[in-house]
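Below is work18.txt, holding compact mmCIF, C-alpha atoms.
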# COMPACT_ATOMS: atom_id res chain seq x y z
CA MET A 1 0.00 0.00 0.00
CA ILE A 2 1.21 3.52 -0.77
CA LYS A 3 0.47 6.10 1.92
CA GLY A 4 -0.06 9.82 1.32
CA GLN A 5 3.26 10.74 2.90
CA ASN A 6 5.04 8.45 0.43
CA VAL A 7 3.93 10.52 -2.55
CA ARG A 8 5.62 13.54 -4.13
CA TYR A 9 3.89 16.00 -6.43
CA LEU A 10 5.95 17.91 -8.97
CA ASN A 11 4.93 20.85 -11.13
CA VAL A 12 6.48 19.81 -14.44
CA THR A 13 4.83 22.61 -16.44
CA PRO A 14 3.11 25.14 -14.18
CA PRO A 15 0.04 26.99 -15.46
CA ALA A 16 1.41 29.96 -17.39
CA ALA A 17 0.89 32.26 -20.34
CA ILE A 18 -0.22 30.85 -23.66
CA VAL A 19 2.38 29.01 -25.71
CA GLY A 20 2.46 30.01 -29.36
CA PRO A 21 1.88 27.70 -32.30
CA SER A 22 4.77 25.49 -33.45
CA THR A 23 6.29 25.73 -29.96
CA SER A 24 7.13 23.20 -27.25
CA PHE A 25 5.99 23.69 -23.66
CA VAL A 26 8.79 24.20 -21.15
CA THR A 27 9.04 21.17 -18.85
CA ALA A 28 11.02 20.39 -15.72
CA GLU A 29 12.85 17.08 -15.70
CA ILE A 30 11.52 14.51 -13.22
CA ASP A 31 14.06 12.85 -10.93
CA THR A 32 12.44 9.64 -9.69
CA VAL A 33 14.90 9.32 -6.79
CA ASP A 34 14.15 11.10 -3.51
CA THR A 35 16.84 11.27 -0.80
CA ARG A 36 14.30 10.34 1.89
CA LEU A 37 12.01 7.93 0.01
CA GLY A 38 14.35 6.19 -2.44
CA HIS A 39 13.38 5.30 -6.02
CA ALA A 40 9.73 5.81 -7.03
CA ASP A 41 7.73 2.68 -7.83
CA LYS A 42 5.25 4.49 -10.08
CA VAL A 43 4.93 7.87 -11.69
CA PHE A 44 1.70 9.31 -12.98
CA ILE A 45 2.18 12.23 -15.38
CA VAL A 46 -1.01 14.25 -15.79
CA CYS A 47 -1.12 16.58 -18.81
CA VAL A 48 -4.01 19.04 -18.52
CA GLN A 49 -4.70 20.83 -21.75
CA GLY A 50 -6.46 24.20 -21.84
CA ALA A 51 -7.85 26.12 -24.78
CA THR A 52 -5.89 25.64 -28.01
CA ASP A 53 -6.26 26.33 -31.70
CA ALA A 54 -3.34 24.11 -32.69
CA ALA A 55 -3.11 20.34 -32.81
CA PHE A 56 -0.26 18.71 -30.93
CA THR A 57 2.60 17.35 -33.03
CA ALA A 58 4.25 15.63 -30.04
CA LEU A 59 3.15 14.43 -26.60
CA LYS A 60 5.51 11.84 -25.18
CA VAL A 61 7.68 10.77 -22.26
CA GLN A 62 11.43 10.31 -22.42
CA ASP A 63 13.84 8.71 -19.94
CA GLY A 64 17.55 8.56 -19.24
CA ASP A 65 20.16 7.49 -16.70
CA VAL A 66 21.79 10.93 -16.70
CA SER A 67 20.09 14.26 -16.12
CA GLY A 68 19.60 16.11 -19.40
CA THR A 69 20.25 13.04 -21.57
CA VAL A 70 16.92 11.42 -22.37
CA ALA A 71 15.37 9.49 -25.26
CA ASP A 72 11.83 8.51 -26.25
CA VAL A 73 10.19 5.64 -24.38
CA VAL A 74 8.40 3.20 -26.67
CA GLY A 75 4.84 2.86 -25.41
CA LEU A 76 4.74 6.44 -24.07
CA ARG A 77 4.45 8.33 -27.38
CA VAL A 78 0.93 9.58 -28.05
CA GLY A 79 0.04 9.33 -31.73
CA THR A 80 2.67 6.66 -32.38
CA ASP A 81 2.20 3.89 -29.82
CA ALA A 82 -0.81 1.79 -28.87
CA ASN A 83 -3.06 2.86 -26.01
CA ILE A 84 -4.62 0.64 -23.36
CA ASP A 85 -7.16 -0.64 -25.93
CA GLY A 86 -4.38 -1.80 -28.24
CA THR A 87 -5.15 0.79 -30.92
CA THR A 88 -2.83 3.62 -31.90
CA SER A 89 -3.27 6.54 -29.54
CA VAL A 90 -4.33 9.92 -30.96
CA LEU A 91 -2.63 13.25 -30.36
CA PRO A 92 -4.85 16.06 -29.05
CA SER A 93 -6.36 18.06 -31.92
CA ALA A 94 -6.95 21.80 -32.31
CA THR A 95 -10.44 21.22 -30.90
CA SER A 96 -9.40 19.06 -27.92
CA ASP A 97 -9.77 21.93 -25.43
CA ASN A 98 -9.61 20.97 -21.74
CA GLY A 99 -8.58 17.37 -22.37
CA ILE A 100 -6.44 15.31 -20.01
CA THR A 101 -3.77 12.79 -20.95
CA VAL A 102 -2.30 10.56 -18.22
CA PHE A 103 0.84 8.46 -18.44
CA GLU A 104 1.17 5.69 -15.82
CA ILE A 105 4.79 4.59 -15.60
CA ASP A 106 6.23 1.58 -13.78
CA CYS A 107 9.58 2.94 -12.59
CA LYS A 108 11.04 -0.51 -11.96
CA LYS A 109 11.40 -0.73 -15.74
CA ARG A 110 12.50 2.88 -16.35
CA LYS A 111 15.64 4.92 -16.04
CA ARG A 112 16.06 7.50 -13.26
CA PHE A 113 15.17 10.71 -15.12
CA LEU A 114 11.93 11.36 -16.99
CA ASP A 115 10.92 14.28 -19.17
CA VAL A 116 7.82 15.20 -21.14
CA VAL A 117 7.77 16.61 -24.66
CA ALA A 118 4.59 18.51 -25.54
CA THR A 119 4.69 20.44 -28.81
CA LEU A 120 1.97 22.36 -30.61
CA GLY A 121 1.66 22.42 -34.38
CA THR A 122 0.59 25.30 -36.57
CA GLY A 123 -2.25 27.54 -35.48
CA THR A 124 -3.09 31.19 -34.99
CA VAL A 125 -2.86 31.70 -31.23
CA GLY A 126 -1.44 28.54 -29.61
CA GLY A 127 -2.58 26.85 -26.43
CA PHE A 128 -2.34 26.23 -22.70
CA MET A 129 -1.17 23.17 -20.80
CA CYS A 130 0.00 22.32 -17.32
CA ILE A 131 1.72 19.06 -16.43
CA ILE A 132 1.93 17.51 -12.97
CA ALA A 133 3.89 14.41 -11.95
CA ILE A 134 2.78 12.25 -9.04
CA LEU A 135 5.56 10.00 -7.78
CA ALA A 136 4.50 7.08 -5.59
CA TYR A 137 7.01 5.34 -3.31
CA HIS A 138 6.56 1.89 -1.83
CA ASP A 139 5.46 1.66 1.77
CA GLU A 140 7.80 -0.83 3.42
What is this file in structure tokens?
Amino acid sequence: MIKGQNVRYLNVTPPAAIVGPSTSFVTAEIDTVDTRLGHADKVFIVCVQGATDAAFTALKVQDGDVSGTVADVVGLRVGTDANIDGTTSVLPSATSDNGITVFEIDCKKRKRFLDVVATLGTGTVGGFMCIIAILAYHDE
């Protein structure tokens, strides 16, 4: 069982000003190791999309053993990899306002550092998004 005190919440992309079209959202790298709690068992990355007039061209998770050196994780690339139903997932469109995409990641099979890539395609104004990571640590 995972207790509330064994969970960390990280603001990966805080709510902020609109991001223009053909632009990536700024994200903070997620370190799955905590000095007090150890290595996270699971990470839930919650991507909350606001109003947008541009379809996403990328929404994916990357991992790496070294901070700042990450690569795409197969299975965590929206629009490329299969979803829970076994069909190819679909990137948020220009009309997908206020949608939520959640990545559930088993950290026992992942490298230490995670990052999110969220990029808008062409549009007139752009869009909003905030991303939160919830790291769950095992209760010994």
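By all atoms listed in the file, and with residues fewer than 4 positions from Lys60 in chain A along its chain excluded, the set lying at most 10 Å from it is Asp72, Val73, Val74, Gly75, Leu76, Arg77, Val78, Gly79, Thr80, Asp81, Leu91, Phe103, Asp115, Val116, Val117, Ala118 and Thr119 of chain A.
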Length of the CA of Ile45 in chain A to CA of Leu10 in chain A vector [Å]
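Those two atoms sit 9.4 Å apart.
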Using only C-alpha atoms, collect all residues at a distance of at most 6 Å from (1.5, 22.0, -14.3) as written in the file, then present them as an NGL selection string.
:A and (11-15 or 130-132)
Pick from A:Leu59, A:Ala51, A:Ile84, A:Val7, whichever lies nearest to Val33 in chain A using all atoms listed in the file
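Of A:Leu59, A:Ala51, A:Ile84, A:Val7, the one nearest Val33 in chain A is A:Val7, counting all atoms listed in the file.
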Kindly indicate which residue among A:Leu37, A:Val125, A:Glu104, A:Thr27 lies nearest to Asn83 in chain A, using all atoms listed in the file for the distances.
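Looking only at the distances to Asn83 in chain A, the closest residue turns out to be A:Glu104.
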Quick one: residues within 6 Å of Asp63 in chain A, all atoms listed in the file counted, chain neighbours fewer than 2 positions away excluded, as a list in words?
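Here the answer would be Val70, Ala71, Lys111, Phe113 and Leu114 of chain A.
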Report, in Å to a single decimal, how far apart CA of Ala16 in chain A and CA of Ala54 in chain A are.
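Distance between the two atoms: 17.1 Å.
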Check the smallest atom-to-atom distance from each of A:Gly20, A:Gly99, A:Gly121, A:Gly126 to Gln49 in chain A using only C-alpha atoms, then report the winner.
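Looking at the shortest contact to Gln49 in chain A, the residue is A:Gly99.
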Pairwise distance for CA of Phe44 in chain A and CA of Tyr9 in chain A, rounded to one decimal in Å
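Here the two named atoms are 9.6 Å from each other.
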Among listed residues A:Gly127, A:Gly68, A:Asp41, A:Asp85, nearest Asn6 in chain A (using only C-alpha atoms)
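The closest residue to Asn6 in chain A is A:Asp41.
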Best match for closeness to Ala94 in chain A among A:Cys107, A:Ala17, A:Leu120, A:Ala82, counting all atoms listed in the file
A:Leu120
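Among A:His39, A:Ser93, A:Ala133, A:Lys108, the residue with the shortest atom-to-atom distance to Ala58 in chain A, counting all atoms listed in the file, is A:Ser93.
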Residues within 6 Å of Pro92 in chain A, please, as a count of residues only. Count all atoms listed in the file; anything in the same chain fewer than 4 positions from it doesn't count.
3
